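Undergrad: The structure's right below; bear with me while I get my questions together.
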Amino acid sequence: MGLDLPKGGETVLYTGHMYQMIPTLMSVAKMTSMLEDHWLGKSLFIGRTLNKFINLSWFIPRFHSKEQKRYDEYLRNIVRLLRAADVGFGYLYEEELYTGALVRDLGVDDVFEGHARKVYERLEKHGVKRVITVDPHTTDMLRNIYQQVIPEYSIEAKSYLEVLRERGLEPKTDLDSPVVIHDSCVYARYLDVVDEPRHLLKKAGATIHEPEYSGKMTYCCGGPAESLFPSKAHEIAGKRMGQLVDMGHDVVTMCPICLFNLESAAEGKGAAVEDISEYLVKAYGI
Amino acid sequence: MARVNSEFIDEIRQSETFDAAACMHCGQCTAICPMGLDLLPRQLFLYVGAGLEDKVLENRETIFSCLLCRLCEENCPRDVSIAEDVRFLRNYINRKVYKLARN
Ligand code: SF4
Ligand code: SF4
């Protein structure tokens with residue numbers, strides 16, 4: 001990331017590669033949706049692609065698109081926010097591995113379990129006791145799922161939103177803007193992270209508008225269906241975007257999958273979708 | 001004629017996570033599902049309960065299209081772990097049909 005973080009340590013920032021991977025993975029999904037007609041063919045193609053992630057971690061040459069640079073910027077925002085909150089942390093650099101969340105979602109459990117062990121061994125090797133995560137899927141893996149498949153697993157995992165809230169960070173600039181909040185299904189229903197983003201935004205002076213489905217009852221962005229059923233995914237994203245623009249035009253997300261998918265449905269609706277870190281860094285960052 | 005597969009029934013009985021037996025077929029989950037998954041989980045759970053493997057496999061597209069978003073679970077009066085149950089069926093299909101396993 002070019003931010004001069006120490007390598008390893010008891011507390012590390014764990015990106016889980018989601019922000020880095022999603023723009024590319026979604027483009028791969030789009031390519032396959034043109035190449036192969038049947039979802040089953042796609043499922044096997046995606047299985048193979050994911051297998052490469054699993055075995056070699058992050059090796060696929062990334063598209064250095066404008067979009068990718070933007071997603072990388074969100075990670076820099078998060079580093080700046082944690083620094084502003086005086087949190088000491090390291091990073092595993094090229095040794096950080098993807099957690100395997102999508103493989104588990106597809107139900108390829110034994111591949112996932114073998115991989116989870118590899119990730120755990122890597123964390124152990126570096127003496128990691130706590131991880132700070134940046135997206136809901138990685139947080140769920142490292143907080144809830146790894147301990148189900150690795151009995152001795154005891155690493156504490158918290159999302160940076162939880163860490164920032166705990167630290168009681170004070171804003172330096174007033175945001176003074178209305179936003180429409182889109183909760184991630186995984187943050188809201190798997191991890192009970194509902195209050196943290198609201199608290200941080202409100203404290204910074206933002207006015208939060210809640211869509212019809214929000215908090216625990218949030219509505220999926222459609223992203224999880226993108227790789228196998230892209231047209232259905234797009235339909236759901238469009239429906240969700242409709243619910244959001246009913247409440248305002250600046251939509252804030254907290255998951256790279258939600259961001260990517262909702263943004264692709266925002267065209268022509270006069271709405272702007274932005275990652276929460278972009279708002280928070282303006283108010284709290286150094 | 002749908003086939004009753006005893007290996008399938010055994011596997012489901014042995015599972016600690018598959019809790020679809022608690023479902024009372026009220027249809028709340030289907031009503032709220034963003035994907036409009038009509039067969040899931042109500043009908044599918046009936047098939048699973050009866051051990052009709054062929055019927056489950058016929059519905060694999062439905063099984064793979066669930067978003068695992070858990071909106072349905074918020075409304076379920078029986079607290080069925082619907083998303084985990086869907087994942088269980090995916091895993092079963094991956095192993096038995098696609099032979100997608102490490103070994
Ligand atoms: S809401 Fe629960 S009890 Fe009702 S049909 Fe769905 S799974 Fe069954
Ligand atoms: S978890 Fe699956 S079945 Fe339940 S509401 Fe979401 S998409 Fe529908």
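Letters A, B, ... mark the chains of the structure tokens in the order given; residue numbers begin at 1 per chain; ligand numbers begin at 1, in order shown.
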At a cut-off of 9 Å, using only C-alpha atoms, what residues contact range 21-23 of chain B? Leave out same-chain residues fewer than 5 positions from it and give the result as a ChimeraX atom specification.
TA: /B:41-42,45-46,49,76-80
Undergrad: Restricting the output to C-alpha atoms, write the selected residues as a PDB file, in the first residue's frame.
TA:
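Output below, filename selection.pdb:
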ATOM      1  CA  PRO B  41     -36.717 -23.282   1.547  1.00  0.00           C
ATOM      2  CA  ARG B  42     -40.261 -24.414   2.060  1.00  0.00           C
ATOM      3  CA  PHE B  45     -37.169 -28.688   2.792  1.00  0.00           C
ATOM      4  CA  LEU B  46     -40.102 -30.956   2.147  1.00  0.00           C
ATOM      5  CA  GLY B  49     -37.228 -34.254   4.667  1.00  0.00           C
ATOM      6  CA  CYS B  76     -38.811 -16.948  10.213  1.00  0.00           C
ATOM      7  CA  PRO B  77     -40.973 -17.858  13.218  1.00  0.00           C
ATOM      8  CA  ARG B  78     -38.992 -21.072  13.713  1.00  0.00           C
ATOM      9  CA  ASP B  79     -35.494 -19.563  13.572  1.00  0.00           C
ATOM     10  CA  VAL B  80     -34.434 -21.886  10.782  1.00  0.00           C
TER      11      VAL B  80
END
Undergrad: Return as a tab-separated table (two decimals) with C-alpha atoms, in the first residue's frame the residues of protein, DNA or RNA that approach ligand 1 to within 12 Å, with only C-alpha atoms and all ligand atoms taken into account.
TA:
chain	number	residue	atom	x	y	z
B	18	PHE	CA	-29.10	-28.77	8.76
B	19	ASP	CA	-32.08	-27.68	10.85
B	20	ALA	CA	-34.84	-27.52	8.22
B	21	ALA	CA	-36.93	-30.01	10.18
B	22	ALA	CA	-38.11	-27.10	12.35
B	23	CYS	CA	-39.73	-25.40	9.32
B	24	MET	CA	-43.52	-25.19	9.55
B	25	HIS	CA	-44.05	-24.17	5.93
B	26	CYS	CA	-45.57	-20.81	6.74
B	27	GLY	CA	-44.11	-19.21	3.58
B	28	GLN	CA	-42.81	-16.02	5.26
B	29	CYS	CA	-39.34	-16.58	3.84
B	30	THR	CA	-40.57	-16.97	0.27
B	31	ALA	CA	-42.69	-13.84	0.61
B	32	ILE	CA	-39.71	-11.62	1.50
B	33	CYS	CA	-36.90	-13.22	-0.56
B	37	LEU	CA	-36.99	-18.08	-4.54
B	38	ASP	CA	-40.27	-19.84	-4.51
B	39	LEU	CA	-38.95	-23.30	-3.82
B	40	LEU	CA	-36.64	-22.23	-1.15
B	41	PRO	CA	-36.72	-23.28	1.55
B	42	ARG	CA	-40.26	-24.41	2.06
B	43	GLN	CA	-40.68	-26.83	-0.81
B	44	LEU	CA	-37.09	-27.85	-0.86
B	45	PHE	CA	-37.17	-28.69	2.79
B	46	LEU	CA	-40.10	-30.96	2.15
B	70	ARG	CA	-30.53	-13.97	5.52
B	71	LEU	CA	-33.39	-11.51	5.05
B	72	CYS	CA	-35.72	-14.52	5.20
B	73	GLU	CA	-34.29	-15.56	8.55
B	74	GLU	CA	-35.30	-12.26	10.14
B	75	ASN	CA	-38.93	-13.21	9.57
B	76	CYS	CA	-38.81	-16.95	10.21
B	77	PRO	CA	-40.97	-17.86	13.22
B	78	ARG	CA	-38.99	-21.07	13.71
B	79	ASP	CA	-35.49	-19.56	13.57
B	80	VAL	CA	-34.43	-21.89	10.78
B	81	SER	CA	-30.84	-21.25	9.63
B	82	ILE	CA	-32.01	-21.00	6.05
B	83	ALA	CA	-28.75	-19.71	4.53
B	84	GLU	CA	-26.64	-22.34	6.28
B	85	ASP	CA	-29.06	-25.01	5.11
B	86	VAL	CA	-28.67	-23.77	1.54
Undergrad: State, in Å with one decimal place, the distance from CA of Tyr14 in chain A to CA of Val186 in chain A.
TA: 17.2 Å
Undergrad: Give me, as a PyMOL selection string, the residues of chain A touching chain B, with the criterion being at most 7 Å (counting only C-alpha atoms).
TA: chain A and resi 105-111+185+189+217+220+224-225+236
Undergrad: Using the selection just defined, write its residues with C-alpha atoms as a PDB file, in the first residue's frame.
TA:
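Output file out-v3.pdb is given in full below:
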ATOM      1  CA  ASP A 105     -20.310 -19.517   0.010  1.00  0.00           C
ATOM      2  CA  LEU A 106     -20.254 -21.819  -3.008  1.00  0.00           C
ATOM      3  CA  GLY A 107     -20.230 -24.770  -0.620  1.00  0.00           C
ATOM      4  CA  VAL A 108     -16.783 -26.135  -1.480  1.00  0.00           C
ATOM      5  CA  ASP A 109     -16.167 -26.775   2.188  1.00  0.00           C
ATOM      6  CA  ASP A 110     -13.138 -29.030   2.214  1.00  0.00           C
ATOM      7  CA  VAL A 111     -11.145 -26.735  -0.074  1.00  0.00           C
ATOM      8  CA  CYS A 185     -26.315  -8.002   4.827  1.00  0.00           C
ATOM      9  CA  ARG A 189     -27.347  -9.824  10.053  1.00  0.00           C
ATOM     10  CA  MET A 217     -33.818  -5.617   7.660  1.00  0.00           C
ATOM     11  CA  CYS A 220     -29.198  -7.317  -0.558  1.00  0.00           C
ATOM     12  CA  PRO A 224     -23.544 -12.530  -4.413  1.00  0.00           C
ATOM     13  CA  ALA A 225     -25.476 -13.590  -7.539  1.00  0.00           C
ATOM     14  CA  ILE A 236     -31.905  -6.851  -7.561  1.00  0.00           C
TER      15      ILE A 236
END
Undergrad: Check the smallest atom-to-atom distance from each of A:Lys232, A:Lys129, A:Arg70, A:Lys172 to ligand 2 using only C-alpha atoms and all ligand atoms, then report the winner.
TA: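 When distances to ligand 2 are compared using only C-alpha atoms and all ligand atoms, the smallest one comes from A:Lys232.
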Undergrad: Could you find all residues in range 59-270 of chain A that DSSP calls helix (DSSP H, G or I) from the backbone, and write them as a VMD selection string?
TA: chain A and resid 66 to 84 93 to 95 101 to 105 109 to 125 136 to 149 160 to 167 185 to 190 195 to 203 215 to 217 223 to 225 230 to 245 256 to 266
Undergrad: Within 10 Å of Met141 in chain A, counting only C-alpha atoms, which residues qualify if same-chain residues fewer than 4 places away don't, as a PyMOL selection string?
TA: chain A and resi 16+99-101+104+116+136-137+145-148+157
Undergrad: Run DSSP on the backbone and grab whatever in range 40-285 of chain A lands in strand (DSSP E or B); send it over as an NGL selection string.
TA: :A and (90-91 or 130-133 or 156-159 or 178-181 or 207-209 or 250-253 or 272-275)
Undergrad: I'd like to know which of A:Asn77, A:Thr173, A:Ser184, A:Ser65 is closest to Ala204 in chain A, using only C-alpha atoms.
TA: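 Of A:Asn77, A:Thr173, A:Ser184, A:Ser65, the one nearest Ala204 in chain A, counting only C-alpha atoms, is A:Thr173.
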Undergrad: I'd like the neighbourhood of Gly242 in chain A as an NGL selection string, where a residue qualifies if any of its atoms comes within 10 Å (using only C-alpha atoms), though same-chain residues fewer than 2 positions away should be ignored.
TA: :A and (211 or 236-240 or 244-247 or 265-266 or 269 or 271)
Undergrad: Lys125 in chain A: which residues within 12 Å, counting only C-alpha atoms, same-chain residues fewer than 5 positions away excluded, as a PyMOL selection string?
TA: chain A and resi 8-10+92+95-96+118-120
Undergrad: Could you turn the residues from that selection into a file that holds N, CA and C atoms, as a compact mmCIF listing (two decimals), in the first residue's frame?
TA:
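So result-v3.txt came out as:
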# COMPACT_ATOMS: atom_id res chain seq x y z
N GLY A 8 3.87 -7.44 10.10
CA GLY A 8 3.44 -8.35 11.17
C GLY A 8 3.17 -7.61 12.47
N GLY A 9 3.26 -8.33 13.60
CA GLY A 9 2.99 -7.75 14.92
C GLY A 9 1.73 -8.37 15.50
N GLU A 10 1.47 -8.06 16.78
CA GLU A 10 0.30 -8.69 17.44
C GLU A 10 -1.02 -8.21 16.86
N LEU A 92 0.63 -7.65 6.79
CA LEU A 92 1.41 -8.82 6.35
C LEU A 92 1.95 -8.69 4.92
N GLU A 95 2.40 -11.47 2.24
CA GLU A 95 2.08 -12.72 2.92
C GLU A 95 0.62 -12.81 3.35
N GLU A 96 -0.11 -11.72 3.18
CA GLU A 96 -1.53 -11.78 3.53
C GLU A 96 -2.27 -12.61 2.49
N LYS A 118 -4.33 -22.87 6.28
CA LYS A 118 -3.13 -22.21 5.74
C LYS A 118 -3.07 -20.74 6.20
N VAL A 119 -4.23 -20.08 6.15
CA VAL A 119 -4.30 -18.68 6.58
C VAL A 119 -3.95 -18.58 8.07
N TYR A 120 -4.52 -19.50 8.84
CA TYR A 120 -4.28 -19.50 10.29
C TYR A 120 -2.79 -19.70 10.59
Undergrad: Could you tell me how far CA of Leu200 in chain A sits from CA of Ser277 in chain A, in Å to one decimal place?
TA: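 CA of Leu200 in chain A lies 10.4 Å from CA of Ser277 in chain A.
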Undergrad: For CA of Val194 in chain A and CA of Pro256 in chain A, quote the distance in Å rounded to one decimal.
TA: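 Those two atoms sit 16.8 Å apart.
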Undergrad: Might you pull out every residue within 8 Å of Ile257 in chain A, with only C-alpha atoms counted and same-chain residues fewer than 5 positions away left off, and present them as a list in words?
TA: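 After dropping sequence-adjacent residues, the list is Ile22, Cys221, Gly223 and Pro224 of chain A.
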Undergrad: Which residue, A:Leu164, A:Leu5, A:Met254, A:Val12, has the smallest gap to Leu123 in chain A when you use only C-alpha atoms?
TA: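 Checking each candidate against Leu123 in chain A, we get A:Val12 as the closest.
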Undergrad: Find the spatial neighbours of Ile286 in chain A, counting only C-alpha atoms, within a cut-off of 9 Å - ignore same-chain residues fewer than 4 positions away - and output them as a PyMOL selection string.
TA: chain A and resi 80-81+83-84+281-282
Undergrad: Just to be explicit: take each residue in the selection above, keep N, CA and C atoms, and write the result as a compact mmCIF listing (two decimals), in the first residue's frame.
TA:
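Below is the file that was written, again.txt:
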# COMPACT_ATOMS: atom_id res chain seq x y z
N ARG A 80 -5.33 5.73 7.28
CA ARG A 80 -5.25 7.09 7.85
C ARG A 80 -6.21 7.25 9.04
N LEU A 81 -7.38 6.65 8.94
CA LEU A 81 -8.35 6.74 10.04
C LEU A 81 -7.83 6.03 11.29
N ARG A 83 -4.78 5.49 12.07
CA ARG A 83 -3.68 6.30 12.61
C ARG A 83 -4.21 7.48 13.40
N ALA A 84 -5.25 8.11 12.88
CA ALA A 84 -5.85 9.25 13.58
C ALA A 84 -6.38 8.81 14.94
N VAL A 281 -12.89 9.66 6.26
CA VAL A 281 -11.54 10.23 6.20
C VAL A 281 -11.59 11.75 6.10
N LYS A 282 -12.64 12.25 5.47
CA LYS A 282 -12.78 13.71 5.36
C LYS A 282 -13.03 14.33 6.74
Undergrad: Which residue is closest to ligand 2? Choose from A:Val134, A:Val128, A:Leu175, A:Ala233 and count only C-alpha atoms and all ligand atoms.
TA: A:Ala233
